[in-house]
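K.L.:
Take this structure first; my questions come after.
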Amino acid sequence: MLTDVYPWQQGIWASLNRLLNAERLPHAMLFAAPAGTGKRRLADAFAARMLCQTPSLDAACGQCRGCQLLAAGTHPDYYVLSPETDGDKVSKVIKIDQARAVVSFASQTAQMQGYRVIIIDPADALNTSSANAMLKTLEEPGQRCVFLLLTDQPTALLATIRSRCQLLPLSLPDEEDALAWLRPQLSVPAMAETLLGLARGAPLAALALSESPWFVQRQPILDALLAVGSGAEQPLTAAQQFTKVNPIEQITAWQSLLDDAVQQGLAPELPVRHSDLPSLQKLAEINAQCLLETLWQAVEARRLLDDTNVAAATILDNLWLHWARATRQGGHHVR
Ligand SMILES: [Zn+2]
């Protein structure tokens, strides 16, 4: 059922339903919460509730014509505005033509005699021109037309858009609630706290992380960093071990391990994020300057990968060569 919101969303779900049942819905609502907290599911569930023709007080029925059309992706009063995709590439912005199409949709009357729902995901993909094209519509969308805007990054949202929306009080779930949901879904439930910490408290992100290549590759990459740092292994030999791992995932592992090691070196009283990797302590013993320089190199490697045509293998080879040089200078050797 589409109305199946996550346990930590029950409070806001009840509030949304109270507003709807009292016919006091704002015409534009902003769902602002970190990635991986399930706000799209909340917005989808609420859209379903609005479009259902025979709802209960707090759920869509899943059976009526409205529910069926929505499930089939053909509901005439439901519109999702997102950046266009071209193969694997997702555009970074919502284009002005797309915004104009929404304005046109909002100016029509509902075909099913109920609400019309427009989801904008993510709303921070609206640039100045596409936002300007729809400001007036966002302010006065017409009767029973409701905008649900989603963002992971409220600060990246244009002020003109933000000021026209009612901000929903979404927040990160309590750690207890998040862990209770996460543990039964993991093949190793004891990893729940580490995963949730690395995902900065976002439960869906933590679950996705458990299966991501970089998380699975952390230990081998850490072993190789220590081996190269101590001179036991040549940097290009280390690089060879990971040619089958996606380059972005490799760099993500570097960043996360180095970031944690820097924190351990500078503020040992803070909890270790990779708490299941005891050998991270060895990385943390390396000079902080060396770790920070390499972290910066990893950020730069990521930029080169995203924005240039430099071969991924070259970028990664250079990162390993940098690490070998940096750890050998000025007695930064791994002990
Ligand atoms: Zn229904």
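Within each chain, counting starts at residue 1; across the structure tokens, chains are named A, B, ... in the order shown, with ligands numbered 1 upward in that order.
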Identify, on the basis of only C-alpha atoms, every residue whose closest approach to segment 273-280 of chain A does not exceed 10 Å; exclude the query and any residue fewer than 5 positions from it along the same chain; express the result as JSON, numbers by chain.
P.N.:
{"A": [190, 191, 193, 194, 195, 196, 197, 198, 199, 200, 215, 218, 219, 222, 223, 226, 256, 257, 258, 259, 260, 261, 263, 264, 285]}
K.L.:
Can you pull out the residues contacting Met134 of chain A? Cut-off 12 Å, using only C-alpha atoms, and skip same-chain residues under 4 positions away; I want them as a VMD selection string.
P.N.:
chain A and resid 81 94 to 107 120 123 126 to 130 138 to 141 147 160 to 161 164
K.L.:
Counting only C-alpha atoms and all ligand atoms, which residues in chain A sit no more than 8 Å from ligand 1? For each one, give the nearest pair of atoms and the distance in Å, sorted by chain then residue number, as CSV.
P.N.:
```
residue,atom,partner,partner_atom_place_in_ligand_line,distance
A:Ala48,CA,ligand 1,1 (Zn),7.6
A:Arg49,CA,ligand 1,1 (Zn),7.4
A:Leu51,CA,ligand 1,1 (Zn),7.2
A:Cys52,CA,ligand 1,1 (Zn),3.7
A:Gln53,CA,ligand 1,1 (Zn),5.1
A:Thr54,CA,ligand 1,1 (Zn),5.1
A:Pro55,CA,ligand 1,1 (Zn),5.6
A:Ala60,CA,ligand 1,1 (Zn),4.9
A:Cys61,CA,ligand 1,1 (Zn),3.9
A:Gly62,CA,ligand 1,1 (Zn),4.7
A:Gln63,CA,ligand 1,1 (Zn),5.1
A:Cys64,CA,ligand 1,1 (Zn),4.1
A:Arg65,CA,ligand 1,1 (Zn),6.7
A:Gly66,CA,ligand 1,1 (Zn),5.6
A:Cys67,CA,ligand 1,1 (Zn),4.3
A:Gln68,CA,ligand 1,1 (Zn),7.4
```
K.L.:
Using N, CA and C atoms, can you write the selected residues to a file as a PDB file, in the first residue's frame?
P.N.:
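Contents of result.pdb, as written:
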```
ATOM      1  N   ALA A  48      -1.379   9.955  -2.627  1.00  0.00           N
ATOM      2  CA  ALA A  48      -2.355   8.867  -2.798  1.00  0.00           C
ATOM      3  C   ALA A  48      -3.596   9.126  -1.950  1.00  0.00           C
ATOM      4  N   ARG A  49      -3.361   9.585  -0.725  1.00  0.00           N
ATOM      5  CA  ARG A  49      -4.492   9.878   0.168  1.00  0.00           C
ATOM      6  C   ARG A  49      -5.357  10.993  -0.422  1.00  0.00           C
ATOM      7  N   LEU A  51      -5.695  11.781  -3.597  1.00  0.00           N
ATOM      8  CA  LEU A  51      -6.310  11.408  -4.863  1.00  0.00           C
ATOM      9  C   LEU A  51      -7.290  10.241  -4.735  1.00  0.00           C
ATOM     10  N   CYS A  52      -7.305   9.602  -3.560  1.00  0.00           N
ATOM     11  CA  CYS A  52      -8.223   8.471  -3.350  1.00  0.00           C
ATOM     12  C   CYS A  52      -9.670   8.977  -3.295  1.00  0.00           C
ATOM     13  N   GLN A  53     -10.585   8.233  -3.941  1.00  0.00           N
ATOM     14  CA  GLN A  53     -11.994   8.654  -3.970  1.00  0.00           C
ATOM     15  C   GLN A  53     -12.785   8.115  -2.780  1.00  0.00           C
ATOM     16  N   THR A  54     -12.294   7.066  -2.156  1.00  0.00           N
ATOM     17  CA  THR A  54     -12.985   6.517  -0.981  1.00  0.00           C
ATOM     18  C   THR A  54     -11.992   6.253   0.147  1.00  0.00           C
ATOM     19  N   PRO A  55     -11.333   7.332   0.614  1.00  0.00           N
ATOM     20  CA  PRO A  55     -10.297   7.139   1.638  1.00  0.00           C
ATOM     21  C   PRO A  55     -10.912   6.912   3.016  1.00  0.00           C
ATOM     22  N   ALA A  60      -5.282   5.990   1.943  1.00  0.00           N
ATOM     23  CA  ALA A  60      -5.937   5.734   0.665  1.00  0.00           C
ATOM     24  C   ALA A  60      -6.453   4.300   0.694  1.00  0.00           C
ATOM     25  N   CYS A  61      -7.528   4.017  -0.095  1.00  0.00           N
ATOM     26  CA  CYS A  61      -8.131   2.676  -0.020  1.00  0.00           C
ATOM     27  C   CYS A  61      -7.345   1.648  -0.824  1.00  0.00           C
ATOM     28  N   GLY A  62      -6.644   2.082  -1.874  1.00  0.00           N
ATOM     29  CA  GLY A  62      -5.890   1.144  -2.697  1.00  0.00           C
ATOM     30  C   GLY A  62      -6.747   0.409  -3.719  1.00  0.00           C
ATOM     31  N   GLN A  63      -8.066   0.657  -3.737  1.00  0.00           N
ATOM     32  CA  GLN A  63      -8.986  -0.120  -4.579  1.00  0.00           C
ATOM     33  C   GLN A  63      -9.710   0.734  -5.625  1.00  0.00           C
ATOM     34  N   CYS A  64      -9.982   1.999  -5.294  1.00  0.00           N
ATOM     35  CA  CYS A  64     -10.863   2.807  -6.144  1.00  0.00           C
ATOM     36  C   CYS A  64     -10.171   3.145  -7.465  1.00  0.00           C
ATOM     37  N   ARG A  65     -10.925   3.763  -8.350  1.00  0.00           N
ATOM     38  CA  ARG A  65     -10.394   4.131  -9.662  1.00  0.00           C
ATOM     39  C   ARG A  65      -9.187   5.072  -9.516  1.00  0.00           C
ATOM     40  N   GLY A  66      -9.293   6.033  -8.602  1.00  0.00           N
ATOM     41  CA  GLY A  66      -8.182   6.974  -8.382  1.00  0.00           C
ATOM     42  C   GLY A  66      -6.920   6.244  -7.940  1.00  0.00           C
ATOM     43  N   CYS A  67      -7.065   5.330  -6.999  1.00  0.00           N
ATOM     44  CA  CYS A  67      -5.910   4.566  -6.502  1.00  0.00           C
ATOM     45  C   CYS A  67      -5.324   3.700  -7.612  1.00  0.00           C
ATOM     46  N   GLN A  68      -6.208   3.099  -8.418  1.00  0.00           N
ATOM     47  CA  GLN A  68      -5.724   2.233  -9.501  1.00  0.00           C
ATOM     48  C   GLN A  68      -4.954   3.022 -10.546  1.00  0.00           C
TER      49      GLN A  68
END
```
K.L.:
Tell me which protein, DNA and RNA residues are within 8 Å of Leu207 of chain A, counting only C-alpha atoms, leaving out same-chain ones fewer than 5 positions away, and put them as a PDB file with N, CA and C atoms, in the first residue's frame.
P.N.:
```pdb
ATOM      1  N   LEU A 182      16.062  -0.477  11.253  1.00  0.00           N
ATOM      2  CA  LEU A 182      17.190  -0.909  10.423  1.00  0.00           C
ATOM      3  C   LEU A 182      17.640  -2.339  10.731  1.00  0.00           C
ATOM      4  N   GLN A 185      16.560  -5.561   8.943  1.00  0.00           N
ATOM      5  CA  GLN A 185      16.743  -5.594   7.494  1.00  0.00           C
ATOM      6  C   GLN A 185      18.176  -5.911   7.088  1.00  0.00           C
ATOM      7  N   LEU A 186      19.065  -6.002   8.066  1.00  0.00           N
ATOM      8  CA  LEU A 186      20.479  -6.207   7.756  1.00  0.00           C
ATOM      9  C   LEU A 186      20.845  -7.678   7.892  1.00  0.00           C
ATOM     10  N   LEU A 195      26.475   1.662  10.542  1.00  0.00           N
ATOM     11  CA  LEU A 195      25.860   2.130   9.290  1.00  0.00           C
ATOM     12  C   LEU A 195      25.076   3.416   9.506  1.00  0.00           C
TER      13      LEU A 195
END
```
K.L.:
Got a sec: who's within 10 Å of segment 39-45 of chain A, counting only C-alpha atoms, leaving out chain neighbours fewer than 3 positions off, as a ChimeraX atom specification?
P.N.:
/A:1-6,9-10,12-13,29-36,48-51,59-60,70,117,119,121-122,148-152,170-171
K.L.:
May I have the residues from that selection written out with C-alpha atoms, as an mmCIF file, in the first residue's frame?
P.N.:
```cif
data_model
loop_
_atom_site.group_PDB
_atom_site.id
_atom_site.type_symbol
_atom_site.label_atom_id
_atom_site.label_comp_id
_atom_site.auth_asym_id
_atom_site.auth_seq_id
_atom_site.Cartn_x
_atom_site.Cartn_y
_atom_site.Cartn_z
ATOM 1 C CA MET A 1 0.000 0.000 0.000
ATOM 2 C CA LEU A 2 1.206 3.469 -0.853
ATOM 3 C CA THR A 3 0.016 4.754 2.528
ATOM 4 C CA ASP A 4 2.648 2.696 4.270
ATOM 5 C CA VAL A 5 4.754 5.524 5.749
ATOM 6 C CA TYR A 6 7.852 4.832 7.840
ATOM 7 C CA GLN A 9 6.771 9.607 10.045
ATOM 8 C CA GLN A 10 3.622 8.706 11.993
ATOM 9 C CA ILE A 12 3.706 14.211 10.631
ATOM 10 C CA TRP A 13 1.429 11.778 8.769
ATOM 11 C CA MET A 29 4.217 22.386 1.238
ATOM 12 C CA LEU A 30 7.965 21.935 1.562
ATOM 13 C CA PHE A 31 9.247 18.523 2.622
ATOM 14 C CA ALA A 32 12.796 19.393 3.688
ATOM 15 C CA ALA A 33 14.833 16.587 5.279
ATOM 16 C CA PRO A 34 18.191 14.889 4.731
ATOM 17 C CA ALA A 35 18.513 12.328 1.930
ATOM 18 C CA GLY A 36 17.681 8.801 2.986
ATOM 19 C CA ALA A 48 -2.355 8.867 -2.798
ATOM 20 C CA ARG A 49 -4.492 9.878 0.168
ATOM 21 C CA MET A 50 -5.464 13.134 -1.584
ATOM 22 C CA LEU A 51 -6.310 11.408 -4.863
ATOM 23 C CA ALA A 59 -5.209 6.190 4.365
ATOM 24 C CA ALA A 60 -5.937 5.734 0.665
ATOM 25 C CA LEU A 70 -2.175 6.321 -9.545
ATOM 26 C CA VAL A 117 -1.243 17.039 -6.894
ATOM 27 C CA ILE A 119 5.299 16.798 -6.712
ATOM 28 C CA ASP A 121 11.516 16.505 -6.601
ATOM 29 C CA PRO A 122 14.021 17.931 -5.939
ATOM 30 C CA LEU A 148 4.490 19.083 -2.623
ATOM 31 C CA LEU A 149 8.094 20.266 -2.907
ATOM 32 C CA LEU A 150 10.957 18.029 -1.765
ATOM 33 C CA THR A 151 14.532 18.942 -0.945
ATOM 34 C CA ASP A 152 17.575 17.425 0.749
ATOM 35 C CA LEU A 170 10.403 16.930 9.235
ATOM 36 C CA SER A 171 13.489 15.873 11.113
#
```
K.L.:
Just the helix (DSSP H, G or I) stuff from segment 163-334 of chain A, please, per backbone DSSP, written as an MDAnalysis selection string.
P.N.:
chainID A and resid 175:185 189:198 203:210 213:216 218:229 235:241 247:266 280:284 288:307 312:331
K.L.:
Go through A:Ala267, A:Leu321, A:Ala326, A:Val272 and flag the residue nearest Glu293 of chain A, using only C-alpha atoms for the distances.
P.N.:
A:Ala326
K.L.:
Quick one: distance from atom CA of Gly38 of chain A to atom CA of Leu209 of chain A in Å, one decimal?
P.N.:
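Atom-to-atom, atom CA of Gly38 of chain A to atom CA of Leu209 of chain A, that is 14.7 Å.
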K.L.:
Excluding same-chain residues fewer than 5 positions from Ala227 of chain A, what lies within 12 Å of it counting only C-alpha atoms, as a PyMOL selection string?
P.N.:
chain A and resi 220-222+232-239+279+282-283+320+323-324+327+333-335
K.L.:
Would you mind exporting N, CA and C atoms of the selected residues as a short mmCIF file (atom, residue, chain, number, x, y, z; two decimals), in the first residue's frame?
P.N.:
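Saved result, part.cif, follows:
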```cif
data_model
loop_
_atom_site.label_atom_id
_atom_site.label_comp_id
_atom_site.auth_asym_id
_atom_site.auth_seq_id
_atom_site.Cartn_x
_atom_site.Cartn_y
_atom_site.Cartn_z
N PRO A 220 39.55 -3.86 2.54
CA PRO A 220 40.66 -4.03 1.60
C PRO A 220 41.35 -2.71 1.25
N ILE A 221 40.58 -1.63 1.09
CA ILE A 221 41.20 -0.34 0.74
C ILE A 221 42.03 0.17 1.92
N LEU A 222 41.49 0.03 3.14
CA LEU A 222 42.25 0.44 4.32
C LEU A 222 43.54 -0.37 4.44
N ALA A 232 55.40 -1.34 2.37
CA ALA A 232 55.36 -2.79 2.11
C ALA A 232 54.80 -3.10 0.73
N GLU A 233 54.05 -2.14 0.18
CA GLU A 233 53.45 -2.39 -1.13
C GLU A 233 53.66 -1.18 -2.02
N GLN A 234 53.86 -1.43 -3.32
CA GLN A 234 54.02 -0.34 -4.28
C GLN A 234 52.63 0.26 -4.60
N PRO A 235 52.57 1.59 -4.76
CA PRO A 235 51.26 2.24 -4.98
C PRO A 235 50.51 1.70 -6.21
N LEU A 236 51.23 1.45 -7.30
CA LEU A 236 50.51 1.01 -8.50
C LEU A 236 50.06 -0.45 -8.40
N THR A 237 50.75 -1.21 -7.57
CA THR A 237 50.30 -2.58 -7.30
C THR A 237 48.99 -2.52 -6.51
N ALA A 238 48.94 -1.60 -5.54
CA ALA A 238 47.71 -1.42 -4.75
C ALA A 238 46.56 -1.00 -5.67
N ALA A 239 46.85 -0.05 -6.57
CA ALA A 239 45.80 0.45 -7.47
C ALA A 239 45.22 -0.69 -8.30
N SER A 279 41.84 -1.50 12.57
CA SER A 279 43.09 -0.99 12.00
C SER A 279 42.98 0.47 11.54
N LYS A 282 45.49 2.77 13.13
CA LYS A 282 46.82 2.92 12.54
C LYS A 282 46.85 4.08 11.54
N LEU A 283 45.76 4.20 10.80
CA LEU A 283 45.67 5.30 9.83
C LEU A 283 45.61 6.64 10.58
N TRP A 320 46.98 7.03 -5.60
CA TRP A 320 47.86 6.09 -4.89
C TRP A 320 49.30 6.60 -4.87
N TRP A 323 49.58 9.26 -2.30
CA TRP A 323 49.59 8.69 -0.95
C TRP A 323 50.98 8.14 -0.60
N ALA A 324 51.60 7.45 -1.55
CA ALA A 324 52.94 6.89 -1.32
C ALA A 324 53.93 8.02 -1.03
N THR A 327 53.12 9.89 2.44
CA THR A 327 53.44 9.14 3.66
C THR A 327 54.95 8.94 3.83
N HIS A 333 55.63 7.98 7.85
CA HIS A 333 55.49 6.53 7.70
C HIS A 333 54.51 5.90 8.67
N VAL A 334 53.74 4.95 8.15
CA VAL A 334 52.93 4.14 9.05
C VAL A 334 53.87 3.28 9.88
N ARG A 335 53.64 3.28 11.20
CA ARG A 335 54.54 2.47 12.03
C ARG A 335 54.12 1.01 12.01
#
```
K.L.:
Separation of atom CA of Leu305 of chain A and atom CA of Val90 of chain A, in Å?
P.N.:
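About the pair atom CA of Leu305 of chain A and atom CA of Val90 of chain A: they are 16.0 Å apart.
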K.L.:
Kindly give the distance, in Å, that separates atom CA of Ala14 of chain A and atom CA of Ser56 of chain A, rounded to a single decimal.
P.N.:
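Pair atom CA of Ala14 of chain A / atom CA of Ser56 of chain A returns 12.5 Å.
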